[in-house]
$ cat my_file02.pdb   # PDB, C-alpha atoms
ATOM      1  CA  MET A   1       0.000   0.000   0.000
ATOM      2  CA  GLY A   2       1.552   3.195  -1.177
ATOM      3  CA  THR A   3       1.790   6.424   0.737
ATOM      4  CA  ASP A   4      -0.686   7.982  -1.704
ATOM      5  CA  LEU A   5      -3.386   5.465  -0.901
ATOM      6  CA  LEU A   6      -2.685   5.719   2.818
ATOM      7  CA  LEU A   7      -3.044   9.523   2.792
ATOM      8  CA  PHE A   8      -6.168   9.334   0.640
ATOM      9  CA  SER A   9      -7.813   6.776   2.939
ATOM     10  CA  LEU A  10      -6.899   8.738   6.053
ATOM     11  CA  PHE A  11      -8.139  12.147   4.924
ATOM     12  CA  GLY A  12     -11.070  10.779   2.940
ATOM     13  CA  GLY A  13     -12.204   8.811   5.976
ATOM     14  CA  VAL A  14     -11.896  11.866   8.208
ATOM     15  CA  ALA A  15     -13.872  13.980   5.706
ATOM     16  CA  VAL A  16     -16.692  11.441   5.400
ATOM     17  CA  ALA A  17     -16.886  10.775   9.155
ATOM     18  CA  ALA A  18     -16.920  14.486  10.019
ATOM     19  CA  SER A  19     -19.557  15.222   7.359
ATOM     20  CA  LEU A  20     -21.770  12.410   8.650
ATOM     21  CA  LEU A  21     -21.481  13.766  12.188
ATOM     22  CA  VAL A  22     -22.331  17.271  10.888
ATOM     23  CA  VAL A  23     -25.492  15.926   9.302
ATOM     24  CA  LEU A  24     -26.553  13.599  12.110
ATOM     25  CA  GLY A  25     -25.643  15.782  15.097
ATOM     26  CA  ARG A  26     -28.334  17.558  17.096
ATOM     27  CA  ASN A  27     -26.268  20.514  18.221
ATOM     28  CA  PRO A  28     -25.597  23.173  15.534
ATOM     29  CA  MET A  29     -22.478  24.304  17.404
ATOM     30  CA  HIS A  30     -20.931  20.833  17.153
ATOM     31  CA  SER A  31     -21.997  20.681  13.502
ATOM     32  CA  VAL A  32     -20.140  23.889  12.652
ATOM     33  CA  LEU A  33     -16.959  22.783  14.442
ATOM     34  CA  LEU A  34     -17.027  19.333  12.824
ATOM     35  CA  LEU A  35     -17.530  20.906   9.413
ATOM     36  CA  ILE A  36     -14.243  22.781   9.949
ATOM     37  CA  VAL A  37     -12.564  19.393  10.540
ATOM     38  CA  SER A  38     -14.113  18.109   7.319
ATOM     39  CA  PHE A  39     -12.836  21.157   5.403
ATOM     40  CA  ALA A  40      -9.326  20.660   6.793
ATOM     41  CA  ALA A  41      -9.344  17.033   5.596
ATOM     42  CA  LEU A  42     -10.514  18.178   2.160
ATOM     43  CA  ALA A  43      -7.697  20.748   2.075
ATOM     44  CA  ALA A  44      -5.238  17.911   2.727
ATOM     45  CA  LEU A  45      -6.795  15.995  -0.171
ATOM     46  CA  TYR A  46      -6.302  19.051  -2.399
ATOM     47  CA  ILE A  47      -2.619  19.011  -1.497
ATOM     48  CA  THR A  48      -2.389  15.348  -2.548
ATOM     49  CA  LEU A  49      -3.944  16.500  -5.850
ATOM     50  CA  ASP A  50      -1.079  19.010  -6.343
ATOM     51  CA  SER A  51      -3.362  21.995  -5.775
ATOM     52  CA  PRO A  52      -1.792  23.922  -2.880
ATOM     53  CA  PHE A  53      -3.553  27.190  -3.727
ATOM     54  CA  ALA A  54      -6.955  25.473  -3.550
ATOM     55  CA  ALA A  55      -6.000  23.985  -0.190
ATOM     56  CA  VAL A  56      -4.982  27.400   1.138
ATOM     57  CA  ILE A  57      -8.183  29.165   0.088
ATOM     58  CA  GLN A  58     -10.159  26.206   1.449
ATOM     59  CA  ILE A  59      -8.624  26.848   4.857
ATOM     60  CA  ILE A  60      -8.603  30.656   4.798
ATOM     61  CA  ILE A  61     -11.952  31.405   3.162
ATOM     62  CA  TYR A  62     -14.046  28.361   4.034
ATOM     63  CA  ALA A  63     -12.804  27.309   7.443
ATOM     64  CA  GLY A  64     -11.676  30.808   8.384
ATOM     65  CA  ALA A  65     -14.310  33.207   7.095
ATOM     66  CA  ILE A  66     -17.506  31.365   6.200
ATOM     67  CA  MET A  67     -17.512  29.029   9.194
ATOM     68  CA  VAL A  68     -16.840  31.914  11.590
ATOM     69  CA  LEU A  69     -19.899  33.623  10.092
ATOM     70  CA  PHE A  70     -21.943  30.491  10.824
ATOM     71  CA  LEU A  71     -20.490  30.318  14.328
ATOM     72  CA  PHE A  72     -21.474  33.944  14.968
ATOM     73  CA  VAL A  73     -25.056  33.294  13.890
ATOM     74  CA  VAL A  74     -25.373  30.105  15.965
ATOM     75  CA  MET A  75     -24.126  32.000  19.020
ATOM     76  CA  LEU A  76     -26.225  35.106  18.330
ATOM     77  CA  LEU A  77     -29.444  33.105  18.006
ATOM     78  CA  ASN A  78     -28.523  30.920  20.979
ATOM     79  CA  ALA A  79     -29.661  27.909  18.940
ATOM     80  CA  HIS A  80     -27.868  25.182  20.814
ATOM     81  CA  LYS A  81     -30.367  22.478  20.093
ATOM     82  CA  GLU A  82     -32.843  21.630  17.440
ATOM     83  CA  ASP A  83     -36.541  22.301  17.927
ATOM     84  CA  GLU A  84     -38.277  18.970  18.321
ATOM     85  CA  ASP A  85     -41.845  20.203  18.620
ATOM     86  CA  VAL A  86     -43.638  19.977  15.303
ATOM     87  CA  PRO A  87     -46.161  22.798  14.869
ATOM     88  CA  ALA A  88     -49.824  21.940  14.543
ATOM     89  CA  GLY A  89     -50.890  21.345  10.978
ATOM     90  CA  ALA A  90     -47.405  20.456   9.745
ATOM     91  CA  PRO A  91     -47.159  17.112   7.958
ATOM     92  CA  THR A  92     -46.028  14.231  10.117
ATOM     93  CA  MET A  93     -42.282  13.742   9.907
ATOM     94  CA  LYS A  94     -41.935   9.981   9.758
ATOM     95  CA  LYS A  95     -42.663   9.472   6.083
ATOM     96  CA  PRO A  96     -40.522  12.372   4.730
ATOM     97  CA  LEU A  97     -37.596  11.144   6.867
ATOM     98  CA  TYR A  98     -37.857   7.652   5.462
ATOM     99  CA  MET A  99     -38.277   8.845   1.897
ATOM    100  CA  GLY A 100     -35.381  11.281   2.257
ATOM    101  CA  ALA A 101     -33.021   8.573   3.487
ATOM    102  CA  VAL A 102     -34.018   6.205   0.659
ATOM    103  CA  LEU A 103     -33.643   8.936  -1.963
ATOM    104  CA  ALA A 104     -30.218   9.884  -0.612
ATOM    105  CA  VAL A 105     -28.982   6.288  -0.868
ATOM    106  CA  VAL A 106     -30.307   6.074  -4.439
ATOM    107  CA  LEU A 107     -28.602   9.386  -5.235
ATOM    108  CA  ALA A 108     -25.282   8.143  -3.809
ATOM    109  CA  ALA A 109     -25.439   4.941  -5.882
ATOM    110  CA  GLU A 110     -26.300   6.887  -9.020
ATOM    111  CA  LEU A 111     -23.531   9.442  -8.476
ATOM    112  CA  VAL A 112     -20.952   6.719  -7.863
ATOM    113  CA  TRP A 113     -22.007   4.998 -11.075
ATOM    114  CA  ALA A 114     -22.078   8.177 -13.174
ATOM    115  CA  LEU A 115     -18.779   9.521 -11.872
ATOM    116  CA  SER A 116     -17.098   6.126 -12.293
ATOM    117  CA  VAL A 117     -18.166   6.069 -15.925
ATOM    118  CA  ALA A 118     -17.016   9.661 -16.410
ATOM    119  CA  GLY A 119     -13.667   8.968 -14.754
ATOM    120  CA  ASN A 120     -13.098   5.762 -16.689
ATOM    121  CA  GLU A 121     -10.535   7.234 -19.035
ATOM    122  CA  PRO A 122      -8.312   4.901 -21.025
ATOM    123  CA  ASP A 123      -5.642   5.927 -18.521
ATOM    124  CA  GLY A 124      -7.594   6.176 -15.269
ATOM    125  CA  MET A 125      -4.462   6.855 -13.254
ATOM    126  CA  LEU A 126      -3.955  10.321 -11.920
ATOM    127  CA  THR A 127      -1.023  11.362 -14.055
ATOM    128  CA  ARG A 128       1.204  12.404 -11.208
ATOM    129  CA  GLY A 129       3.856  14.753 -12.529
ATOM    130  CA  ALA A 130       3.391  13.493 -16.084
ATOM    131  CA  SER A 131       3.191  16.846 -17.812
ATOM    132  CA  PRO A 132       6.275  18.957 -17.155
ATOM    133  CA  ASP A 133       4.338  22.175 -16.483
ATOM    134  CA  SER A 134       1.765  20.658 -14.130
ATOM    135  CA  ALA A 135       3.528  22.173 -11.126
ATOM    136  CA  ALA A 136       3.490  25.588 -12.815
ATOM    137  CA  LEU A 137      -0.212  25.241 -13.598
ATOM    138  CA  GLY A 138      -1.138  24.755  -9.951
ATOM    139  CA  SER A 139       1.039  27.596  -8.732
ATOM    140  CA  VAL A 140      -0.342  30.933  -7.604
ATOM    141  CA  ARG A 141       1.434  32.596 -10.517
ATOM    142  CA  GLY A 142      -0.173  30.313 -13.085
ATOM    143  CA  LEU A 143      -3.613  30.633 -11.526
ATOM    144  CA  GLY A 144      -3.322  34.404 -11.337
ATOM    145  CA  GLN A 145      -2.414  34.600 -15.006
ATOM    146  CA  LEU A 146      -5.403  32.419 -15.883
ATOM    147  CA  LEU A 147      -7.753  34.478 -13.699
ATOM    148  CA  PHE A 148      -6.745  37.803 -15.224
ATOM    149  CA  THR A 149      -6.633  36.634 -18.859
ATOM    150  CA  ASP A 150      -8.983  33.791 -19.797
ATOM    151  CA  TYR A 151     -11.309  34.269 -16.837
ATOM    152  CA  ALA A 152     -11.111  38.066 -16.510
ATOM    153  CA  PHE A 153     -14.800  38.609 -17.303
ATOM    154  CA  ALA A 154     -15.971  35.970 -14.803
ATOM    155  CA  PHE A 155     -13.620  37.477 -12.222
ATOM    156  CA  GLU A 156     -15.157  40.941 -12.630
ATOM    157  CA  VAL A 157     -18.700  39.542 -12.541
ATOM    158  CA  THR A 158     -17.774  37.851  -9.252
ATOM    159  CA  SER A 159     -16.997  41.249  -7.739
ATOM    160  CA  ILE A 160     -20.468  42.495  -8.729
ATOM    161  CA  LEU A 161     -21.974  39.354  -7.171
ATOM    162  CA  ILE A 162     -20.170  39.993  -3.904
ATOM    163  CA  ILE A 163     -21.337  43.628  -3.786
ATOM    164  CA  VAL A 164     -24.936  42.564  -4.425
ATOM    165  CA  ALA A 165     -24.716  39.846  -1.751
ATOM    166  CA  MET A 166     -23.235  42.318   0.746
ATOM    167  CA  VAL A 167     -25.942  44.928   0.165
ATOM    168  CA  GLY A 168     -28.600  42.208   0.284
ATOM    169  CA  ALA A 169     -27.302  40.839   3.572
ATOM    170  CA  VAL A 170     -27.272  44.300   5.147
ATOM    171  CA  VAL A 171     -30.805  45.051   3.940
ATOM    172  CA  LEU A 172     -32.147  41.686   5.099
ATOM    173  CA  ALA A 173     -30.573  41.823   8.526
ATOM    174  CA  LYS A 174     -31.717  45.386   9.250
ATOM    175  CA  ARG A 175     -34.156  45.604  12.115
ATOM    176  CA  GLU A 176     -37.122  47.132  10.287
ATOM    177  CA  LEU A 177     -37.601  45.275   7.037
TER
ATOM    178  CA  MET B   1      -1.579   4.451  -6.586
ATOM    179  CA  VAL B   2      -4.742   6.438  -6.097
ATOM    180  CA  ARG B   3      -6.999   6.394  -9.116
ATOM    181  CA  LEU B   4      -9.244   9.215 -10.239
ATOM    182  CA  GLU B   5     -12.348   7.147  -9.481
ATOM    183  CA  TYR B   6     -11.471   7.014  -5.778
ATOM    184  CA  TYR B   7     -11.756  10.795  -5.540
ATOM    185  CA  LEU B   8     -14.977  10.764  -7.547
ATOM    186  CA  ILE B   9     -16.555   8.099  -5.319
ATOM    187  CA  LEU B  10     -15.504  10.010  -2.206
ATOM    188  CA  SER B  11     -17.072  13.109  -3.702
ATOM    189  CA  ALA B  12     -20.321  11.233  -4.432
ATOM    190  CA  ILE B  13     -20.487   9.992  -0.834
ATOM    191  CA  LEU B  14     -19.958  13.515   0.504
ATOM    192  CA  PHE B  15     -22.612  14.934  -1.826
ATOM    193  CA  ALA B  16     -25.155  12.305  -0.765
ATOM    194  CA  THR B  17     -24.315  13.051   2.887
ATOM    195  CA  GLY B  18     -25.149  16.707   2.304
ATOM    196  CA  THR B  19     -28.398  15.727   0.601
ATOM    197  CA  VAL B  20     -29.366  13.594   3.599
ATOM    198  CA  GLY B  21     -28.779  16.621   5.812
ATOM    199  CA  VAL B  22     -31.051  18.856   3.751
ATOM    200  CA  PHE B  23     -33.774  16.186   3.864
ATOM    201  CA  LEU B  24     -33.489  15.105   7.485
ATOM    202  CA  ARG B  25     -32.657  18.151   9.549
ATOM    203  CA  ARG B  26     -35.309  20.467  10.923
ATOM    204  CA  ASN B  27     -32.990  23.386  11.541
ATOM    205  CA  VAL B  28     -32.302  26.090   8.964
ATOM    206  CA  ILE B  29     -28.662  26.531  10.040
ATOM    207  CA  THR B  30     -27.880  22.816   9.776
ATOM    208  CA  MET B  31     -29.531  22.739   6.365
ATOM    209  CA  LEU B  32     -27.233  25.555   5.211
ATOM    210  CA  LEU B  33     -24.261  23.599   6.584
ATOM    211  CA  SER B  34     -25.381  20.547   4.581
ATOM    212  CA  ILE B  35     -25.433  22.710   1.439
ATOM    213  CA  GLU B  36     -21.820  23.677   2.201
ATOM    214  CA  VAL B  37     -20.937  19.965   2.380
ATOM    215  CA  MET B  38     -22.495  19.461  -1.059
ATOM    216  CA  LEU B  39     -20.579  22.436  -2.509
ATOM    217  CA  ASN B  40     -17.333  20.998  -1.181
ATOM    218  CA  ALA B  41     -18.038  17.604  -2.731
ATOM    219  CA  VAL B  42     -18.418  19.316  -6.098
ATOM    220  CA  ASN B  43     -15.191  21.271  -5.526
ATOM    221  CA  LEU B  44     -13.359  17.988  -4.950
ATOM    222  CA  THR B  45     -14.697  16.690  -8.267
ATOM    223  CA  PHE B  46     -13.513  19.811 -10.111
ATOM    224  CA  ILE B  47     -10.012  19.581  -8.667
ATOM    225  CA  ALA B  48      -9.697  15.820  -9.246
ATOM    226  CA  PHE B  49     -10.782  16.154 -12.881
ATOM    227  CA  GLY B  50      -8.532  19.174 -13.416
ATOM    228  CA  ARG B  51      -5.592  17.252 -11.981
ATOM    229  CA  SER B  52      -6.449  14.272 -14.149
ATOM    230  CA  ILE B  53      -6.439  16.213 -17.435
ATOM    231  CA  GLY B  54      -3.434  18.300 -16.368
ATOM    232  CA  SER B  55      -5.187  21.674 -16.423
ATOM    233  CA  ALA B  56      -5.562  24.455 -13.850
ATOM    234  CA  ASP B  57      -9.148  25.205 -14.895
ATOM    235  CA  GLY B  58     -10.503  22.983 -12.120
ATOM    236  CA  GLN B  59      -8.810  25.133  -9.499
ATOM    237  CA  VAL B  60     -10.071  28.342 -11.105
ATOM    238  CA  ILE B  61     -13.645  27.031 -11.057
ATOM    239  CA  MET B  62     -13.176  25.950  -7.430
ATOM    240  CA  PHE B  63     -12.146  29.552  -6.688
ATOM    241  CA  PHE B  64     -15.389  30.836  -8.206
ATOM    242  CA  VAL B  65     -17.461  28.243  -6.330
ATOM    243  CA  VAL B  66     -15.900  29.364  -3.041
ATOM    244  CA  THR B  67     -16.779  32.982  -3.876
ATOM    245  CA  VAL B  68     -20.384  32.093  -4.647
ATOM    246  CA  ALA B  69     -20.545  29.997  -1.455
ATOM    247  CA  ALA B  70     -19.405  33.018   0.561
ATOM    248  CA  ALA B  71     -22.137  35.175  -0.997
ATOM    249  CA  GLU B  72     -24.696  32.434  -0.409
ATOM    250  CA  ALA B  73     -23.694  32.061   3.235
ATOM    251  CA  ALA B  74     -23.922  35.828   3.831
ATOM    252  CA  VAL B  75     -27.391  36.177   2.308
ATOM    253  CA  GLY B  76     -28.638  32.877   3.776
ATOM    254  CA  LEU B  77     -27.549  33.756   7.291
ATOM    255  CA  ALA B  78     -29.074  37.225   6.988
ATOM    256  CA  LEU B  79     -32.343  35.522   6.015
ATOM    257  CA  VAL B  80     -32.026  33.169   9.001
ATOM    258  CA  ILE B  81     -31.586  36.124  11.352
ATOM    259  CA  ALA B  82     -34.562  37.970   9.850
ATOM    260  CA  LEU B  83     -36.737  34.828  10.093
ATOM    261  CA  PHE B  84     -35.687  34.172  13.672
ATOM    262  CA  ARG B  85     -36.548  37.733  14.610
ATOM    263  CA  HIS B  86     -40.079  37.321  13.271
ATOM    264  CA  ARG B  87     -40.905  33.801  14.476
ATOM    265  CA  GLU B  88     -38.467  33.020  17.339
ATOM    266  CA  THR B  89     -37.686  29.596  15.862
ATOM    267  CA  LEU B  90     -35.389  27.922  13.332
ATOM    268  CA  ASN B  91     -37.761  25.113  12.371
ATOM    269  CA  PRO B  92     -38.457  25.416   8.617
ATOM    270  CA  ASP B  93     -41.900  23.824   9.090
ATOM    271  CA  VAL B  94     -43.031  27.019  10.837
ATOM    272  CA  PHE B  95     -42.220  29.293   7.886
ATOM    273  CA  THR B  96     -45.324  28.696   5.804
ATOM    274  CA  SER B  97     -46.391  32.273   4.976
ATOM    275  CA  LEU B  98     -45.822  31.673   1.261
ATOM    276  CA  LYS B  99     -47.793  28.441   1.270
ATOM    277  CA  TRP B 100     -51.020  28.733  -0.703
TER
END

$ encode --input "my_file02.pdb" --output "structure tokens"
Amino acid sequence: MGTDLLLFSLFGGVAVAASLLVVLGRNPMHSVLLLIVSFAALAALYITLDSPFAAVIQIIIYAGAIMVLFLFVVMLLNAHKEDEDVPAGAPTMKKPLYMGAVLAVVLAAELVWALSVAGNEPDGMLTRGASPDSAALGSVRGLGQLLFTDYAFAFEVTSILIIVAMVGAVVLAKREL
Amino acid sequence: MVRLEYYLILSAILFATGTVGVFLRRNVITMLLSIEVMLNAVNLTFIAFGRSIGSADGQVIMFFVVTVAAAEAAVGLALVIALFRHRETLNPDVFTSLKW
């Protein structure tokens, strides 16, 4: 068993276990903290895929910024446990729970099948270091050149999106709507 | 040697986990967290495919997905705060004002 497979199993297992605990846990605070663990494991997987810049923004933006935002909201709303009381008139929960679990298993099987077919290249191996400029492609320099040449329009549109989201968040969270 | 399919299967499992969360949880914040899990599963697919074909495009698209996820989290959490202020609960079954 190579080091590659060992690292993949380790971090993949941590990511799946942490995500399952996020989904199945009752306490939103624990969910947020476990999701940070899951993101850290995914960042390690990105490093094994020769994508250090992706790993860094995964840690800084996702685990650092977005999760802290979630943590703030969980603490502000004092929502330490899930409401169990179903309001009158709401549909009973048993059947949707069952159906949701079945549909999720079907979805997982279908995704595994579809992605396996898609990934079934003649050479299914990850071509580690095969192309000489693969290291340059994943570097910050290479990504920056791509972002400001081929993807310049999308990059500028992203800035508009962020401004709109920021104004929308401020308007929505204002006291008098 | 780790094959491309291993990453894709891991990504499918993570995506299905996020879907389970959206279906099962009765808490708006946990549902948003499950959506983040799904977004990350897709990011893993982009990076694995990009690595496989020897192109940096996968990482660029992952960058854009992270940006959109940040915008989504900001607006979604603002909505959660506004909803909580009106109804004093996070249970999505209570928010039925738009139901006909």

$ atom_distance --input "my_file02.pdb" --atom1 "atom CA of Phe49 of chain B" --atom2 "atom CA of Gly100 of chain A"
29.3 Å

$ atom_distance --input "my_file02.pdb" --atom1 "atom CA of Val75 of chain B" --atom2 "atom CA of Leu21 of chain A"
25.2 Å

$ closest_atom_pairs --input "my_file02.pdb" --of "chain B" --to "chain A" --cutoff "6 Å" --atoms "all atoms listed in the file" --output "Markdown table"
| residue | atom | partner | partner_atom | distance |
| --- | --- | --- | --- | --- |
| B:Val2 | CA | A:Leu5 | CA | 5.5 |
| B:Arg3 | CA | A:Met125 | CA | 4.9 |
| B:Leu4 | CA | A:Leu126 | CA | 5.7 |
| B:Glu5 | CA | A:Ser116 | CA | 5.6 |
| B:Leu8 | CA | A:Leu115 | CA | 5.9 |
| B:Ile9 | CA | A:Val112 | CA | 5.3 |
| B:Ala12 | CA | A:Leu111 | CA | 5.5 |
| B:Ile13 | CA | A:Ala108 | CA | 5.9 |
| B:Ala16 | CA | A:Ala108 | CA | 5.2 |
| B:Val20 | CA | A:Ala104 | CA | 5.7 |
| B:Gly21 | CA | A:Val23 | CA | 4.8 |
| B:Phe23 | CA | A:Gly100 | CA | 5.4 |
| B:Leu24 | CA | A:Leu97 | CA | 5.7 |
| B:Ser52 | CA | A:Leu126 | CA | 5.2 |
| B:Ala56 | CA | A:Leu137 | CA | 5.4 |
| B:Ala71 | CA | A:Ala165 | CA | 5.4 |
| B:Val75 | CA | A:Ala169 | CA | 4.8 |
| B:Ala78 | CA | A:Ala173 | CA | 5.1 |
| B:Ala82 | CA | A:Ala173 | CA | 5.7 |

$ residues_near_point --input "my_file02.pdb" --point "(-17.8, 29.0, -3.0)" --cutoff "9 Å" --atoms "all atoms listed in the file" --output "compact mmCIF listing (two decimals) with C-alpha atoms, keeping the file's coordinate frame"
# COMPACT_ATOMS: atom_id res chain seq x y z
CA ILE A 61 -11.95 31.40 3.16
CA TYR A 62 -14.05 28.36 4.03
CA GLU B 36 -21.82 23.68 2.20
CA LEU B 39 -20.58 22.44 -2.51
CA ASN B 40 -17.33 21.00 -1.18
CA ASN B 43 -15.19 21.27 -5.53
CA MET B 62 -13.18 25.95 -7.43
CA PHE B 63 -12.15 29.55 -6.69
CA PHE B 64 -15.39 30.84 -8.21
CA VAL B 65 -17.46 28.24 -6.33
CA VAL B 66 -15.90 29.36 -3.04
CA THR B 67 -16.78 32.98 -3.88
CA VAL B 68 -20.38 32.09 -4.65
CA ALA B 69 -20.54 30.00 -1.46
CA ALA B 70 -19.40 33.02 0.56
CA ALA B 71 -22.14 35.17 -1.00
CA GLU B 72 -24.70 32.43 -0.41

$ atom_distance --input "my_file02.pdb" --atom1 "atom CA of Leu10 of chain A" --atom2 "atom CA of Ile36 of chain A"
16.3 Å

$ resolve_selection --input "my_file02.pdb" --expression "the PyMOL selection byres ((chain B and resi 38) around 9)" --output "ChimeraX atom specification"
/B:11,14-19,33-37,39-43

$ residues_around --input "my_file02.pdb" --residues "Asn91 of chain B" --least-positions-apart "2" --cutoff "6 Å" --atoms "all atoms listed in the file" --output "MDAnalysis selection string"
chainID B and resid 26:27 89 93:94

$ closest_residue --input "my_file02.pdb" --among "A:Val14, A:Val56, A:Val37, A:Ala63" --to "Leu10 of chain B" --atoms "only C-alpha atoms"
A:Val14

$ closest_residue --input "my_file02.pdb" --among "B:Ala74, B:Ile29, B:Phe84, B:Tyr7" --to "Ile47 of chain B" --atoms "all atoms listed in the file"
B:Tyr7

$ axis_aligned_box --input "my_file02.pdb" --around "segment 46-54 of chain B" --padding-each-side "5 Å" --output "lines of an AutoDock Vina configuration file"
center_x = -8.5
center_y = 17.0
center_z = -13.1
size_x = 20.1
size_y = 15.5
size_z = 18.8

$ decode --input "my_file02.pdb" --residues "segment 62-84 of chain B" --atoms "N, CA and C atoms" --output "PDB file, in the first residue's frame"
ATOM      1  N   MET B  62     -13.024  26.101  -8.878  1.00  0.00           N
ATOM      2  CA  MET B  62     -13.176  25.950  -7.430  1.00  0.00           C
ATOM      3  C   MET B  62     -13.113  27.313  -6.744  1.00  0.00           C
ATOM      4  N   PHE B  63     -12.246  28.193  -7.236  1.00  0.00           N
ATOM      5  CA  PHE B  63     -12.146  29.552  -6.688  1.00  0.00           C
ATOM      6  C   PHE B  63     -13.482  30.280  -6.831  1.00  0.00           C
ATOM      7  N   PHE B  64     -14.101  30.163  -8.003  1.00  0.00           N
ATOM      8  CA  PHE B  64     -15.389  30.836  -8.206  1.00  0.00           C
ATOM      9  C   PHE B  64     -16.473  30.224  -7.325  1.00  0.00           C
ATOM     10  N   VAL B  65     -16.449  28.892  -7.175  1.00  0.00           N
ATOM     11  CA  VAL B  65     -17.461  28.243  -6.330  1.00  0.00           C
ATOM     12  C   VAL B  65     -17.328  28.719  -4.885  1.00  0.00           C
ATOM     13  N   VAL B  66     -16.099  28.876  -4.414  1.00  0.00           N
ATOM     14  CA  VAL B  66     -15.900  29.364  -3.041  1.00  0.00           C
ATOM     15  C   VAL B  66     -16.465  30.771  -2.905  1.00  0.00           C
ATOM     16  N   THR B  67     -16.247  31.620  -3.934  1.00  0.00           N
ATOM     17  CA  THR B  67     -16.779  32.982  -3.876  1.00  0.00           C
ATOM     18  C   THR B  67     -18.300  32.976  -3.809  1.00  0.00           C
ATOM     19  N   VAL B  68     -18.923  32.155  -4.657  1.00  0.00           N
ATOM     20  CA  VAL B  68     -20.384  32.093  -4.647  1.00  0.00           C
ATOM     21  C   VAL B  68     -20.879  31.530  -3.319  1.00  0.00           C
ATOM     22  N   ALA B  69     -20.145  30.567  -2.739  1.00  0.00           N
ATOM     23  CA  ALA B  69     -20.545  29.997  -1.455  1.00  0.00           C
ATOM     24  C   ALA B  69     -20.488  31.060  -0.369  1.00  0.00           C
ATOM     25  N   ALA B  70     -19.492  31.948  -0.434  1.00  0.00           N
ATOM     26  CA  ALA B  70     -19.405  33.018   0.561  1.00  0.00           C
ATOM     27  C   ALA B  70     -20.602  33.948   0.440  1.00  0.00           C
ATOM     28  N   ALA B  71     -20.972  34.311  -0.795  1.00  0.00           N
ATOM     29  CA  ALA B  71     -22.137  35.175  -0.997  1.00  0.00           C
ATOM     30  C   ALA B  71     -23.403  34.486  -0.512  1.00  0.00           C
ATOM     31  N   GLU B  72     -23.511  33.190  -0.825  1.00  0.00           N
ATOM     32  CA  GLU B  72     -24.696  32.434  -0.409  1.00  0.00           C
ATOM     33  C   GLU B  72     -24.794  32.369   1.116  1.00  0.00           C
ATOM     34  N   ALA B  73     -23.663  32.144   1.775  1.00  0.00           N
ATOM     35  CA  ALA B  73     -23.694  32.061   3.235  1.00  0.00           C
ATOM     36  C   ALA B  73     -24.103  33.396   3.840  1.00  0.00           C
ATOM     37  N   ALA B  74     -23.585  34.511   3.277  1.00  0.00           N
ATOM     38  CA  ALA B  74     -23.922  35.828   3.831  1.00  0.00           C
ATOM     39  C   ALA B  74     -25.411  36.099   3.706  1.00  0.00           C
ATOM     40  N   VAL B  75     -25.964  35.899   2.506  1.00  0.00           N
ATOM     41  CA  VAL B  75     -27.391  36.177   2.308  1.00  0.00           C
ATOM     42  C   VAL B  75     -28.243  35.183   3.090  1.00  0.00           C
ATOM     43  N   GLY B  76     -27.852  33.883   3.065  1.00  0.00           N
ATOM     44  CA  GLY B  76     -28.638  32.877   3.776  1.00  0.00           C
ATOM     45  C   GLY B  76     -28.685  33.137   5.265  1.00  0.00           C
ATOM     46  N   LEU B  77     -27.556  33.518   5.851  1.00  0.00           N
ATOM     47  CA  LEU B  77     -27.549  33.756   7.291  1.00  0.00           C
ATOM     48  C   LEU B  77     -28.303  35.026   7.645  1.00  0.00           C
ATOM     49  N   ALA B  78     -28.259  36.034   6.749  1.00  0.00           N
ATOM     50  CA  ALA B  78     -29.074  37.225   6.988  1.00  0.00           C
ATOM     51  C   ALA B  78     -30.554  36.864   6.985  1.00  0.00           C
ATOM     52  N   LEU B  79     -30.953  35.993   6.050  1.00  0.00           N
ATOM     53  CA  LEU B  79     -32.343  35.522   6.015  1.00  0.00           C
ATOM     54  C   LEU B  79     -32.685  34.781   7.296  1.00  0.00           C
ATOM     55  N   VAL B  80     -31.760  33.929   7.777  1.00  0.00           N
ATOM     56  CA  VAL B  80     -32.026  33.169   9.001  1.00  0.00           C
ATOM     57  C   VAL B  80     -32.260  34.114  10.166  1.00  0.00           C
ATOM     58  N   ILE B  81     -31.426  35.174  10.241  1.00  0.00           N
ATOM     59  CA  ILE B  81     -31.586  36.124  11.352  1.00  0.00           C
ATOM     60  C   ILE B  81     -32.919  36.849  11.249  1.00  0.00           C
ATOM     61  N   ALA B  82     -33.286  37.273  10.021  1.00  0.00           N
ATOM     62  CA  ALA B  82     -34.562  37.970   9.850  1.00  0.00           C
ATOM     63  C   ALA B  82     -35.730  37.046  10.209  1.00  0.00           C
ATOM     64  N   LEU B  83     -35.667  35.780   9.777  1.00  0.00           N
ATOM     65  CA  LEU B  83     -36.737  34.828  10.093  1.00  0.00           C
ATOM     66  C   LEU B  83     -36.834  34.588  11.589  1.00  0.00           C
ATOM     67  N   PHE B  84     -35.679  34.434  12.236  1.00  0.00           N
ATOM     68  CA  PHE B  84     -35.687  34.172  13.672  1.00  0.00           C
ATOM     69  C   PHE B  84     -36.287  35.346  14.430  1.00  0.00           C
TER      70      PHE B  84
END
